[in-house]
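As provided, input08.txt (compact mmCIF, N, CA and C atoms and all ligand atoms) reads as follows.
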```txt
# COMPACT_ATOMS: atom_id res chain seq x y z
N MET P 16 0.85 -1.19 0.00
CA MET P 16 0.00 0.00 0.00
C MET P 16 0.89 1.24 0.00
N ILE P 17 0.49 2.24 -0.77
CA ILE P 17 1.22 3.50 -0.91
C ILE P 17 0.45 4.60 -0.18
N SER P 18 1.18 5.45 0.54
CA SER P 18 0.50 6.55 1.25
C SER P 18 -0.05 7.57 0.25
N THR P 19 -1.21 8.09 0.58
CA THR P 19 -1.94 8.99 -0.30
C THR P 19 -1.89 10.41 0.25
N ALA P 20 -1.87 11.38 -0.64
CA ALA P 20 -1.93 12.78 -0.21
C ALA P 20 -3.32 13.09 0.35
N PRO P 21 -3.39 13.78 1.46
CA PRO P 21 -4.70 14.17 2.00
C PRO P 21 -5.33 15.24 1.12
N ALA P 22 -6.65 15.34 1.19
CA ALA P 22 -7.37 16.40 0.46
C ALA P 22 -7.15 17.72 1.20
N ILE P 23 -6.56 18.69 0.52
CA ILE P 23 -6.27 19.96 1.19
C ILE P 23 -6.99 21.14 0.55
N ALA P 24 -7.78 20.86 -0.47
CA ALA P 24 -8.41 21.96 -1.22
C ALA P 24 -9.24 22.89 -0.33
N ASP P 25 -9.92 22.33 0.66
CA ASP P 25 -10.81 23.15 1.50
C ASP P 25 -10.16 23.60 2.81
N ILE P 26 -8.88 23.32 2.98
CA ILE P 26 -8.20 23.71 4.22
C ILE P 26 -7.46 25.02 3.97
N PRO P 27 -7.79 26.08 4.71
CA PRO P 27 -7.08 27.35 4.50
C PRO P 27 -5.64 27.28 5.00
N LEU P 28 -4.74 27.91 4.26
CA LEU P 28 -3.34 27.95 4.68
C LEU P 28 -3.18 28.98 5.80
N PRO P 29 -2.34 28.69 6.79
CA PRO P 29 -2.13 29.63 7.90
C PRO P 29 -1.15 30.74 7.51
N ILE P 30 -1.63 31.66 6.68
CA ILE P 30 -0.76 32.74 6.20
C ILE P 30 -1.07 34.01 7.00
N ASP P 31 -0.05 34.55 7.65
CA ASP P 31 -0.17 35.83 8.34
C ASP P 31 1.17 36.55 8.20
N GLN P 32 1.31 37.67 8.89
CA GLN P 32 2.55 38.45 8.72
C GLN P 32 3.79 37.68 9.14
N TRP P 33 3.64 36.72 10.04
CA TRP P 33 4.80 35.97 10.54
C TRP P 33 5.15 34.80 9.65
N THR P 34 4.15 34.20 8.99
CA THR P 34 4.40 33.03 8.15
C THR P 34 4.54 33.38 6.67
N GLN P 35 4.26 34.62 6.29
CA GLN P 35 4.31 35.00 4.88
C GLN P 35 5.66 34.66 4.22
N PRO P 36 6.82 34.90 4.86
CA PRO P 36 8.08 34.52 4.21
C PRO P 36 8.18 33.02 3.92
N PHE P 37 7.61 32.19 4.81
CA PHE P 37 7.62 30.74 4.57
C PHE P 37 6.86 30.42 3.28
N TRP P 38 5.66 31.03 3.14
CA TRP P 38 4.82 30.73 1.97
C TRP P 38 5.38 31.38 0.71
N SER P 39 6.03 32.51 0.83
CA SER P 39 6.67 33.12 -0.34
C SER P 39 7.79 32.23 -0.86
N ALA P 40 8.59 31.66 0.06
CA ALA P 40 9.64 30.74 -0.35
C ALA P 40 9.04 29.45 -0.92
N ALA P 41 7.95 28.99 -0.32
CA ALA P 41 7.28 27.77 -0.81
C ALA P 41 6.80 27.96 -2.24
N CYS P 42 6.43 29.16 -2.57
CA CYS P 42 6.01 29.48 -3.94
C CYS P 42 7.15 29.20 -4.91
N ARG P 43 8.38 29.37 -4.45
CA ARG P 43 9.58 29.09 -5.27
C ARG P 43 10.10 27.67 -5.02
N CYS P 44 9.32 26.86 -4.31
CA CYS P 44 9.73 25.49 -3.95
C CYS P 44 10.99 25.48 -3.11
N GLU P 45 11.08 26.42 -2.18
CA GLU P 45 12.18 26.46 -1.22
C GLU P 45 11.58 26.31 0.19
N LEU P 46 12.16 25.40 0.97
CA LEU P 46 11.66 25.20 2.32
C LEU P 46 12.59 25.94 3.28
N VAL P 47 12.09 27.01 3.86
CA VAL P 47 12.89 27.84 4.75
C VAL P 47 12.30 27.84 6.15
N MET P 48 13.17 28.13 7.11
CA MET P 48 12.76 28.22 8.51
C MET P 48 13.33 29.52 9.07
N PRO P 49 12.64 30.10 10.05
CA PRO P 49 13.13 31.35 10.64
C PRO P 49 14.21 31.09 11.69
N CYS P 50 15.23 31.93 11.63
CA CYS P 50 16.35 31.84 12.56
C CYS P 50 16.58 33.25 13.11
N CYS P 51 16.89 33.36 14.37
CA CYS P 51 17.17 34.67 14.95
C CYS P 51 18.41 35.26 14.29
N ALA P 52 18.29 36.46 13.77
CA ALA P 52 19.42 37.11 13.09
C ALA P 52 20.45 37.61 14.08
N ASP P 53 20.10 37.66 15.37
CA ASP P 53 21.05 38.15 16.37
C ASP P 53 21.79 37.03 17.10
N CYS P 54 21.08 35.98 17.53
CA CYS P 54 21.74 34.94 18.32
C CYS P 54 21.80 33.59 17.62
N GLY P 55 21.09 33.43 16.49
CA GLY P 55 21.17 32.19 15.73
C GLY P 55 20.23 31.10 16.19
N THR P 56 19.34 31.39 17.15
CA THR P 56 18.37 30.39 17.60
C THR P 56 17.30 30.19 16.52
N TRP P 57 17.05 28.92 16.15
CA TRP P 57 15.98 28.65 15.20
C TRP P 57 14.65 28.88 15.89
N ARG P 58 13.69 29.41 15.14
CA ARG P 58 12.42 29.82 15.74
C ARG P 58 11.25 29.20 14.98
N TRP P 59 10.54 28.26 15.63
CA TRP P 59 9.35 27.69 15.01
C TRP P 59 8.35 27.40 16.08
N PRO P 60 7.11 27.83 15.96
CA PRO P 60 6.57 28.55 14.82
C PRO P 60 7.09 29.99 14.78
N PRO P 61 6.96 30.61 13.60
CA PRO P 61 7.41 32.00 13.47
C PRO P 61 6.60 32.91 14.39
N GLY P 62 7.27 33.90 14.95
CA GLY P 62 6.60 34.83 15.84
C GLY P 62 7.40 36.09 15.96
N PRO P 63 6.91 37.03 16.75
CA PRO P 63 7.55 38.35 16.80
C PRO P 63 8.87 38.39 17.55
N PHE P 64 9.11 37.46 18.49
CA PHE P 64 10.31 37.56 19.32
C PHE P 64 11.07 36.23 19.35
N CYS P 65 12.39 36.33 19.39
CA CYS P 65 13.24 35.15 19.59
C CYS P 65 12.99 34.64 21.02
N PRO P 66 12.74 33.33 21.19
CA PRO P 66 12.51 32.80 22.54
C PRO P 66 13.76 32.81 23.41
N HIS P 67 14.94 33.01 22.78
CA HIS P 67 16.19 33.00 23.54
C HIS P 67 16.63 34.41 23.95
N CYS P 68 16.63 35.36 22.96
CA CYS P 68 17.18 36.69 23.27
C CYS P 68 16.17 37.83 23.07
N LEU P 69 14.94 37.48 22.67
CA LEU P 69 13.83 38.43 22.49
C LEU P 69 14.04 39.38 21.31
N SER P 70 15.05 39.13 20.49
CA SER P 70 15.26 39.95 19.30
C SER P 70 14.08 39.77 18.35
N GLN P 71 13.80 40.82 17.57
CA GLN P 71 12.77 40.73 16.55
C GLN P 71 13.37 40.51 15.16
N ALA P 72 14.69 40.41 15.08
CA ALA P 72 15.34 40.24 13.77
C ALA P 72 15.30 38.76 13.35
N ILE P 73 14.79 38.51 12.15
CA ILE P 73 14.64 37.15 11.64
C ILE P 73 15.43 37.00 10.35
N ALA P 74 16.14 35.88 10.23
CA ALA P 74 16.79 35.52 8.97
C ALA P 74 16.18 34.20 8.52
N TRP P 75 15.49 34.21 7.39
CA TRP P 75 14.90 32.97 6.87
C TRP P 75 15.98 32.21 6.12
N GLN P 76 16.19 30.95 6.49
CA GLN P 76 17.26 30.16 5.89
C GLN P 76 16.72 28.80 5.42
N LEU P 77 17.39 28.22 4.43
CA LEU P 77 16.98 26.91 3.96
C LEU P 77 17.02 25.90 5.10
N ALA P 78 15.99 25.05 5.17
CA ALA P 78 15.86 24.12 6.29
C ALA P 78 16.84 22.96 6.21
N GLY P 79 17.30 22.59 5.01
CA GLY P 79 18.23 21.47 4.88
C GLY P 79 17.52 20.13 4.83
N PRO P 80 18.29 19.04 5.01
CA PRO P 80 17.71 17.70 4.90
C PRO P 80 16.61 17.46 5.92
N ALA P 81 15.66 16.60 5.55
CA ALA P 81 14.53 16.29 6.42
C ALA P 81 14.55 14.81 6.79
N ARG P 82 14.09 14.51 8.00
CA ARG P 82 13.91 13.11 8.40
C ARG P 82 12.62 13.01 9.21
N LEU P 83 12.09 11.79 9.25
CA LEU P 83 10.81 11.57 9.90
C LEU P 83 11.01 11.38 11.41
N TYR P 84 10.40 12.26 12.18
CA TYR P 84 10.51 12.18 13.63
C TYR P 84 9.43 11.27 14.22
N SER P 85 8.19 11.41 13.69
CA SER P 85 7.07 10.64 14.21
C SER P 85 6.00 10.60 13.14
N PHE P 86 5.13 9.60 13.21
CA PHE P 86 4.06 9.51 12.20
C PHE P 86 2.93 8.62 12.72
N ALA P 87 1.82 8.68 12.00
CA ALA P 87 0.68 7.80 12.24
C ALA P 87 0.18 7.33 10.89
N ILE P 88 -0.43 6.18 10.84
CA ILE P 88 -1.03 5.70 9.60
C ILE P 88 -2.54 5.67 9.81
N VAL P 89 -3.24 6.43 8.98
CA VAL P 89 -4.69 6.52 9.08
C VAL P 89 -5.28 5.78 7.88
N HIS P 90 -5.91 4.65 8.14
CA HIS P 90 -6.53 3.88 7.07
C HIS P 90 -7.95 4.37 6.88
N ARG P 91 -8.37 4.45 5.63
CA ARG P 91 -9.74 4.85 5.36
C ARG P 91 -10.21 4.20 4.07
N PRO P 92 -11.54 4.13 3.88
CA PRO P 92 -12.04 3.55 2.64
C PRO P 92 -11.68 4.44 1.46
N GLY P 93 -11.67 3.86 0.26
CA GLY P 93 -11.44 4.63 -0.95
C GLY P 93 -12.61 5.55 -1.23
N PRO P 94 -12.46 6.41 -2.25
CA PRO P 94 -13.54 7.36 -2.57
C PRO P 94 -14.87 6.68 -2.87
N THR P 95 -14.84 5.49 -3.48
CA THR P 95 -16.07 4.74 -3.73
C THR P 95 -15.86 3.33 -3.20
N PRO P 96 -16.95 2.57 -2.98
CA PRO P 96 -16.79 1.20 -2.47
C PRO P 96 -15.94 0.33 -3.39
N ALA P 97 -15.87 0.65 -4.66
CA ALA P 97 -15.08 -0.15 -5.60
C ALA P 97 -13.59 0.14 -5.50
N ASP P 98 -13.22 1.26 -4.89
CA ASP P 98 -11.81 1.63 -4.78
C ASP P 98 -11.14 0.92 -3.61
N SER P 99 -9.82 0.77 -3.73
CA SER P 99 -9.05 0.17 -2.64
C SER P 99 -9.00 1.13 -1.45
N PRO P 100 -8.83 0.58 -0.25
CA PRO P 100 -8.64 1.46 0.91
C PRO P 100 -7.39 2.34 0.73
N GLN P 101 -7.38 3.46 1.41
CA GLN P 101 -6.26 4.39 1.32
C GLN P 101 -5.58 4.53 2.68
N ALA P 102 -4.34 4.99 2.65
CA ALA P 102 -3.62 5.27 3.89
C ALA P 102 -3.10 6.70 3.82
N ILE P 103 -3.52 7.51 4.77
CA ILE P 103 -3.03 8.88 4.92
C ILE P 103 -2.01 8.84 6.06
N VAL P 104 -0.84 9.45 5.85
CA VAL P 104 0.22 9.39 6.86
C VAL P 104 0.63 10.80 7.27
N PRO P 105 0.01 11.32 8.35
CA PRO P 105 0.49 12.59 8.90
C PRO P 105 1.78 12.33 9.68
N GLY P 106 2.73 13.24 9.54
CA GLY P 106 4.01 13.04 10.21
C GLY P 106 4.55 14.31 10.82
N LEU P 107 5.50 14.14 11.72
CA LEU P 107 6.30 15.26 12.21
C LEU P 107 7.64 15.14 11.51
N VAL P 108 7.97 16.15 10.70
CA VAL P 108 9.19 16.14 9.90
C VAL P 108 10.21 17.04 10.57
N GLU P 109 11.39 16.49 10.80
CA GLU P 109 12.44 17.18 11.55
C GLU P 109 13.57 17.62 10.63
N PHE P 110 14.15 18.77 10.94
CA PHE P 110 15.26 19.32 10.15
C PHE P 110 16.49 19.46 11.05
N PRO P 111 17.36 18.44 11.05
CA PRO P 111 18.51 18.46 11.98
C PRO P 111 19.42 19.67 11.79
N GLU P 112 19.58 20.15 10.55
CA GLU P 112 20.47 21.29 10.32
C GLU P 112 19.79 22.62 10.61
N ALA P 113 18.52 22.58 10.95
CA ALA P 113 17.79 23.79 11.32
C ALA P 113 17.39 23.70 12.79
N GLY P 114 18.35 23.30 13.60
CA GLY P 114 18.13 23.27 15.05
C GLY P 114 17.13 22.23 15.50
N GLY P 115 16.85 21.23 14.66
CA GLY P 115 15.88 20.20 15.04
C GLY P 115 14.44 20.68 14.96
N MET P 116 14.19 21.78 14.24
CA MET P 116 12.83 22.27 14.08
C MET P 116 11.97 21.19 13.42
N ARG P 117 10.69 21.14 13.78
CA ARG P 117 9.78 20.13 13.23
C ARG P 117 8.53 20.80 12.72
N ILE P 118 8.03 20.28 11.59
CA ILE P 118 6.74 20.73 11.07
C ILE P 118 5.85 19.51 10.87
N ALA P 119 4.56 19.74 10.95
CA ALA P 119 3.59 18.68 10.66
C ALA P 119 3.37 18.69 9.15
N ALA P 120 3.47 17.52 8.53
CA ALA P 120 3.30 17.43 7.09
C ALA P 120 2.91 16.00 6.73
N ALA P 121 2.30 15.86 5.56
CA ALA P 121 1.89 14.53 5.09
C ALA P 121 3.06 13.81 4.44
N ILE P 122 3.13 12.50 4.69
CA ILE P 122 4.10 11.62 4.02
C ILE P 122 3.33 10.95 2.89
N ILE P 123 3.73 11.22 1.66
CA ILE P 123 2.93 10.77 0.51
C ILE P 123 3.77 9.88 -0.41
N ASP P 124 3.05 9.17 -1.30
CA ASP P 124 3.66 8.37 -2.36
C ASP P 124 4.79 7.49 -1.85
N SER P 125 4.61 6.94 -0.67
CA SER P 125 5.64 6.09 -0.06
C SER P 125 5.01 4.75 0.33
N LYS P 126 5.79 3.66 0.16
CA LYS P 126 5.31 2.36 0.60
C LYS P 126 5.18 2.38 2.12
N ILE P 127 4.02 1.94 2.60
CA ILE P 127 3.75 1.98 4.04
C ILE P 127 4.82 1.24 4.83
N ASP P 128 5.28 0.11 4.31
CA ASP P 128 6.25 -0.67 5.08
C ASP P 128 7.67 -0.08 5.03
N ARG P 129 7.87 0.99 4.28
CA ARG P 129 9.17 1.67 4.26
C ARG P 129 9.18 2.93 5.13
N ILE P 130 8.02 3.32 5.64
CA ILE P 130 7.92 4.52 6.48
C ILE P 130 8.33 4.15 7.90
N ALA P 131 9.37 4.81 8.40
CA ALA P 131 9.86 4.49 9.74
C ALA P 131 10.42 5.74 10.40
N ILE P 132 10.42 5.76 11.70
CA ILE P 132 11.05 6.86 12.43
C ILE P 132 12.50 6.96 11.99
N GLY P 133 12.93 8.17 11.65
CA GLY P 133 14.29 8.39 11.21
C GLY P 133 14.47 8.29 9.71
N SER P 134 13.43 7.93 8.96
CA SER P 134 13.54 7.83 7.50
C SER P 134 13.98 9.16 6.91
N ALA P 135 14.91 9.10 5.96
CA ALA P 135 15.27 10.31 5.20
C ALA P 135 14.11 10.64 4.27
N LEU P 136 13.81 11.93 4.15
CA LEU P 136 12.66 12.38 3.37
C LEU P 136 13.11 13.41 2.34
N SER P 137 12.39 13.47 1.25
CA SER P 137 12.59 14.58 0.31
C SER P 137 11.25 15.29 0.16
N VAL P 138 11.33 16.59 -0.02
CA VAL P 138 10.10 17.38 -0.09
C VAL P 138 9.47 17.23 -1.47
N ARG P 139 8.16 17.19 -1.48
CA ARG P 139 7.39 17.21 -2.72
C ARG P 139 6.39 18.35 -2.58
N TRP P 140 6.47 19.31 -3.49
CA TRP P 140 5.62 20.49 -3.39
C TRP P 140 4.29 20.23 -4.07
N VAL P 141 3.20 20.52 -3.35
CA VAL P 141 1.85 20.33 -3.87
C VAL P 141 1.22 21.70 -4.04
N PRO P 142 0.89 22.09 -5.29
CA PRO P 142 0.32 23.42 -5.52
C PRO P 142 -1.00 23.61 -4.78
N LYS P 143 -1.15 24.79 -4.20
CA LYS P 143 -2.40 25.18 -3.54
C LYS P 143 -2.47 26.69 -3.52
N ASP P 144 -3.63 27.21 -3.89
CA ASP P 144 -3.84 28.66 -3.94
C ASP P 144 -2.70 29.31 -4.74
N GLU P 145 -2.02 30.29 -4.16
CA GLU P 145 -0.96 31.00 -4.88
C GLU P 145 0.43 30.46 -4.55
N THR P 146 0.49 29.35 -3.79
CA THR P 146 1.80 28.86 -3.34
C THR P 146 1.85 27.34 -3.46
N ASN P 147 2.72 26.72 -2.69
CA ASN P 147 2.86 25.26 -2.65
C ASN P 147 2.91 24.80 -1.21
N VAL P 148 2.37 23.62 -0.97
CA VAL P 148 2.38 23.03 0.38
C VAL P 148 3.43 21.92 0.39
N PRO P 149 4.32 21.95 1.40
CA PRO P 149 5.32 20.87 1.46
C PRO P 149 4.73 19.57 1.98
N MET P 150 4.89 18.52 1.19
CA MET P 150 4.63 17.15 1.64
C MET P 150 5.92 16.39 1.41
N PHE P 151 6.04 15.19 1.95
CA PHE P 151 7.33 14.51 1.92
C PHE P 151 7.20 13.07 1.45
N VAL P 152 8.28 12.61 0.78
CA VAL P 152 8.36 11.23 0.28
C VAL P 152 9.56 10.58 0.95
N VAL P 153 9.40 9.31 1.35
CA VAL P 153 10.53 8.55 1.90
C VAL P 153 11.55 8.34 0.78
N VAL P 154 12.82 8.65 1.08
CA VAL P 154 13.88 8.52 0.07
C VAL P 154 14.24 7.05 -0.10
ZN ZN W 201 17.84 35.39 19.42
```
What would you get if you wrote out this structure as structure tokens?
Ligand SMILES: [Zn+2]
Amino acid sequence: MISTAPAIADIPLPIDQWTQPFWSAACRCELVMPCCADCGTWRWPPGPFCPHCLSQAIAWQLAGPARLYSFAIVHRPGPTPADSPQAIVPGLVEFPEAGGMRIAAAIIDSKIDRIAIGSALSVRWVPKDETNVPMFVVV
């Protein structure tokens, strides 16, 4: 069984003044994370102040390689009774070179028996609205 992308058409993206740089980079298929421009502490979720030094200066940097920190397998029936069952795999994706920051994202197009904690992942961009949503495939 292969993991399926969840339906995201009706889910609004969490775009605000703090996350806009993330979505602007996603539009270019770049996965970036906020880092304090003064002390270098990675900051997720994005917000007005660094949790370490309270600076408001942010440097958005490429997140680097991704690996699977945690996941669940959600089995569900196919769209019609004639279709095969599907597996949706929500995961916590970790970026070791970005201070261990983690985002929630779907693990898609991957064999269920190959999905494991610590799996190396590559990003797959899924178009939505004016940008792209990061989902991940087991390498
Ligand atoms: Zn700081």
Just want the residues within 6.5 Å of ligand ZN 201 (chain W), written as a PyMOL selection string, counting only N, CA and C atoms and all ligand atoms. chain P and resi 51-56+65-70
Using only C-alpha atoms, the residue out of P:Val89, P:Val141, P:Ala135, P:Cys50 with shortest distance to Ala113 (chain P) is P:Cys50
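Distances here use only C-alpha atoms; by that measure, the residue among P:Leu107, P:Ile26, P:Val47, P:Ala72 closest to Asp144 (chain P) is P:Ile26.
Using all atoms listed in the file, the shortest contact distance between Ile130 (chain P) and any of P:Val153, P:Ala97, P:Pro61, P:Asp25 is found at P:Val153.
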Which residues, written as a PDB file with N, CA and C atoms, in the frame of the given file, have at least one atom at most 8 Å from Arg82 (chain P), with only N, CA and C atoms counted and residues fewer than 3 positions away on the same chain left out?
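selection.pdb, written as the output of this step:
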```pdb
ATOM      1  N   GLY P  79      17.300  22.590   5.010  1.00  0.00           N
ATOM      2  CA  GLY P  79      18.230  21.470   4.880  1.00  0.00           C
ATOM      3  C   GLY P  79      17.520  20.130   4.830  1.00  0.00           C
ATOM      4  N   SER P  85       8.190  11.410  13.690  1.00  0.00           N
ATOM      5  CA  SER P  85       7.070  10.640  14.210  1.00  0.00           C
ATOM      6  C   SER P  85       6.000  10.600  13.140  1.00  0.00           C
ATOM      7  N   LEU P 107       5.500  14.140  11.720  1.00  0.00           N
ATOM      8  CA  LEU P 107       6.300  15.260  12.210  1.00  0.00           C
ATOM      9  C   LEU P 107       7.640  15.140  11.510  1.00  0.00           C
ATOM     10  N   VAL P 108       7.970  16.150  10.700  1.00  0.00           N
ATOM     11  CA  VAL P 108       9.190  16.140   9.900  1.00  0.00           C
ATOM     12  C   VAL P 108      10.210  17.040  10.570  1.00  0.00           C
ATOM     13  N   GLU P 109      11.390  16.490  10.800  1.00  0.00           N
ATOM     14  CA  GLU P 109      12.440  17.180  11.550  1.00  0.00           C
ATOM     15  C   GLU P 109      13.570  17.620  10.630  1.00  0.00           C
ATOM     16  N   PHE P 110      14.150  18.770  10.940  1.00  0.00           N
ATOM     17  CA  PHE P 110      15.260  19.320  10.150  1.00  0.00           C
ATOM     18  C   PHE P 110      16.490  19.460  11.050  1.00  0.00           C
ATOM     19  N   PRO P 111      17.360  18.440  11.050  1.00  0.00           N
ATOM     20  CA  PRO P 111      18.510  18.460  11.980  1.00  0.00           C
ATOM     21  C   PRO P 111      19.420  19.670  11.790  1.00  0.00           C
ATOM     22  N   ALA P 131       9.370   4.810   8.400  1.00  0.00           N
ATOM     23  CA  ALA P 131       9.860   4.490   9.740  1.00  0.00           C
ATOM     24  C   ALA P 131      10.420   5.740  10.400  1.00  0.00           C
ATOM     25  N   ILE P 132      10.420   5.760  11.700  1.00  0.00           N
ATOM     26  CA  ILE P 132      11.050   6.860  12.430  1.00  0.00           C
ATOM     27  C   ILE P 132      12.500   6.960  11.990  1.00  0.00           C
ATOM     28  N   GLY P 133      12.930   8.170  11.650  1.00  0.00           N
ATOM     29  CA  GLY P 133      14.290   8.390  11.210  1.00  0.00           C
ATOM     30  C   GLY P 133      14.470   8.290   9.710  1.00  0.00           C
ATOM     31  N   SER P 134      13.430   7.930   8.960  1.00  0.00           N
ATOM     32  CA  SER P 134      13.540   7.830   7.500  1.00  0.00           C
ATOM     33  C   SER P 134      13.980   9.160   6.910  1.00  0.00           C
ATOM     34  N   ALA P 135      14.910   9.100   5.960  1.00  0.00           N
ATOM     35  CA  ALA P 135      15.270  10.310   5.200  1.00  0.00           C
ATOM     36  C   ALA P 135      14.110  10.640   4.270  1.00  0.00           C
ATOM     37  N   LEU P 136      13.810  11.930   4.150  1.00  0.00           N
ATOM     38  CA  LEU P 136      12.660  12.380   3.370  1.00  0.00           C
ATOM     39  C   LEU P 136      13.110  13.410   2.340  1.00  0.00           C
ATOM     40  N   SER P 137      12.390  13.470   1.250  1.00  0.00           N
ATOM     41  CA  SER P 137      12.590  14.580   0.310  1.00  0.00           C
ATOM     42  C   SER P 137      11.250  15.290   0.160  1.00  0.00           C
TER      43      SER P 137
END
```
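Proximity ranking of P:Ile23, P:Val152, P:Thr146, P:Trp75 relative to Asp124 (chain P) places P:Val152 first, based on only C-alpha atoms.
Secondary structure of chain P, helix (DSSP H, G or I) only (DSSP, backbone atoms): Gln35, Pro36, Phe37, Trp38, Ser39, Ala40, Ala41, Cys42, Pro111, Glu112, Ala113, Ile127, Asp128 and Arg129 of chain P.
CA of Ser18 (chain P) to CA of Val138 (chain P) spans 14.5 Å [interatomic distance, one decimal].
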- Tell me, which residues of chain P carry DSSP strand (DSSP E), written as a PyMOL selection string? chain P and resi 18-19+47-51+73-77+81-86+89-91+101-110+116-122+135-143+146-153
Students should find that CA of Ser39 (chain P) and CA of Arg139 (chain P) are spaced 16.1 Å
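Computed from the coordinates, the atom C of Lys143 (chain P) to atom N of Phe64 (chain P) distance equals 27.1 Å.
The point (-4.4, 1.8, 1.8) has these residues within 7 Å of it, counting all atoms listed in the file: P:Met16, P:Ile17, P:Ser18, P:His90, P:Arg91, P:Ser99, P:Pro100, P:Gln101, P:Ala102, P:Ile103.
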